[in-house]
Amino acid sequence: MKYYDKLIFDLSKEGRKGYSLPDEHLFERRMSDEVPSSLLRTTKPRLPQVSEVDVVRHYTNLSQMNFGVDTGFYPLGSCTMKYNPKINEEVAAMPAFQNIHPLQPAESLQGIYAIYEDMEKMLAAITGMKYFTLNPCAGAHGELTGLMIMRSYHQSRGDFARTRVIVPDSAHGTNPASAAVCGLDVVVVKSNANGLVDVEDLKPLLGPDIAGIMMTNPNTLGLFEHEIKEIAALVHEAGGLLYYDGANMNPLMGVVRPGDMGFDIMHLNLHKTFSTPHGGGGPGSGPVGVAAFLKDCLPYPHVERADDKLTAEEGTAHSAGMISGHMGNFGIILRACAYILSLGKQHIGEVGRIATLNANYIKESLRDVFKLPIPSVCKHEFVFDGLINDGAREGKEGATTLDVAKRLLDFGFHAPTIYFPLLFHQALMIEPTETESKETLDAFIDVMHVIAAEAADDPDILHAAPRNTPIGRPDDTLAAKHPVINYRDLLAEA
Ligand SMILES: *Cc1c(COP(=O)(O)O)cnc(C)c1O
């Protein structure tokens, strides 16, 4: 263990500090003057006592134990881990945006509301939907909001019988989860041998109890559902609505629009397609777009323009209600706005094309060593089903997808998504995104070939991976059930 891998509490030394104030007594007296004594603590907080340089090294070293798009290639399928341009951060950090409060008078928020209005228009142009709400705070939150809109719509017409929603078996786990949270029952439609929604399986499921269908296009196998027009006609004919899970919008941006495919409601993940920080890197945003006839069902507040004045309006009787505090994660909306404007109409259509090219380039370069269950041209991502030669032989277990993922970490790449989608046993789902150079893709392809050769030769090399990371293979179940996340827990463990 390196000296600075120690916990900051282990570096603590009684009386050491990283500040010098002129008169501690003065400071303490003022505190007790202003805070009632019943609220003052009687014991000192147990904090590490360290110098400034100890603190700086501690946090800098911690940051280097992590992995992110700023440190390396992150081909996590279904997550669109693209580079987050720094101009987004510069815009979001401008004092005019940082120092606002949602309860300020509307007259003083006209510029902010104008950004909401502009963003709505840009997202509508990109997706072919008519109106947007920017209030949901994640993709899954957008799904729930979209389903609430769907339910409000049916109920506004006096139709209370539509309590079931159709979800393909290839769908992201959040789809059935959102439907359940919304109080809808899930009906699963099967995929056919080509990995697409089986239209013949869909037909008998449609009826007066169906609120709608949730679809992802391209789906989680990275395949374009080219029968979408027929599916849309069938669902609409049965009185249902089409919900588009826009987490996979990246390959379509500037090329194809969900509104033109027949979708009525959709969400976007600004933290995927629109380059805002993702996961532990920051809060999310899942704007929801709707066709014109669903405007009254949008959640509130919603920015409206009247006589050249912008206001955040309450909803009407059919509104899905209020789904977040105020109007979503404004800082994220701002970053995504900066991203769209920096690409402009001129370049936005390149995103999807390059993302698609990059995915197909990796797929074709690695199909000599990984099983490719669905060999057609993919969009932004694709799925392998484990190694062709996993090295299994008498007395030796073969290398699994988990082993490949762990071994990749030793070479400085983040692992792809593994064991999802659930359609294959050894799924390895790769999404390179458009922001990677050919050199980076080639380096990844080379390493994947090295790993495949190692597996064929001696799978134990993979079983023992990773060797070069701060920790090896944590017990996932134990880590989830008994997380050790602070010093007190660690002491209790010891
Ligand atoms: C990421 C993702 C979601 C969920 O989005 P979150 O922002 O993580 O809640 C839903 N569907 C698909 C296909 C996704 O990839």
# chains A, B, ... in the order shown; residues from 1 in each chain; ligands from 1
$ closest_atom_pairs --of "chain A" --to "ligand 1" --cutoff "6 Å" --atoms "only C-alpha atoms and all ligand atoms" --output "tab-separated table"
residue	atom	partner	partner_atom_place_in_ligand_line	distance
A:Ser78	CA	ligand 1	15 (O)	4.1
A:Cys79	CA	ligand 1	15 (O)	5.2
A:Ala138	CA	ligand 1	7 (O)	4.1
A:Gly139	CA	ligand 1	7 (O)	3.4
A:Ala140	CA	ligand 1	9 (O)	3.7
A:His172	CA	ligand 1	13 (C)	4.9
A:Thr174	CA	ligand 1	10 (C)	5.5
A:Thr220	CA	ligand 1	13 (C)	6.0
A:Asp245	CA	ligand 1	11 (N)	5.8
A:Ala247	CA	ligand 1	14 (C)	4.6
A:Asn248	CA	ligand 1	13 (C)	5.8
A:Asn269	CA	ligand 1	7 (O)	5.7
$ closest_atom_pairs --of "region 78-115 of chain A" --to "region 288-306 of chain A" --cutoff "12 Å" --atoms "only C-alpha atoms" --output "CSV"
residue,atom,partner,partner_atom,distance
A:Pro102,CA,A:Pro301,CA,11.2
A:Ala106,CA,A:Val303,CA,10.5
A:Leu109,CA,A:Val303,CA,11.0
A:Gln110,CA,A:Val303,CA,10.1
A:Gly111,CA,A:Val303,CA,11.7
A:Ile112,CA,A:Val303,CA,10.0
A:Tyr113,CA,A:Val303,CA,6.4
A:Ala114,CA,A:Val303,CA,8.5
A:Ile115,CA,A:Val303,CA,9.9
$ closest_residue --among "A:His236, A:Leu242, A:Arg335, A:Glu431" --to "Ser285 (chain A)" --atoms "only C-alpha atoms"
A:Arg335
$ atom_distance --atom1 "CA of Gln346 (chain A)" --atom2 "CA of Ile126 (chain A)"
12.4 Å
$ closest_atom_pairs --of "region 274-385 of chain A" --to "region 176-199 of chain A" --cutoff "12 Å" --atoms "only C-alpha atoms" --output "tab-separated table"
residue	atom	partner	partner_atom	distance
A:Ala320	CA	A:Cys182	CA	11.3
A:Pro373	CA	A:Asn194	CA	9.1
A:Ile374	CA	A:Asn194	CA	6.5
A:Pro375	CA	A:Asn194	CA	9.0
A:Ser376	CA	A:Asn194	CA	8.4
A:Val377	CA	A:Asn194	CA	11.4
A:Cys378	CA	A:Gly195	CA	11.1
A:Phe382	CA	A:Gly195	CA	11.1
A:Val383	CA	A:Gly195	CA	10.7
$ select_by_dssp --residues "region 44-270 of chain A" --states "strand (DSSP E or B)" --output "number ranges by chain"
A: 76, 131-133, 164-168, 185-189, 191, 197, 210-215, 241-246, 265-268
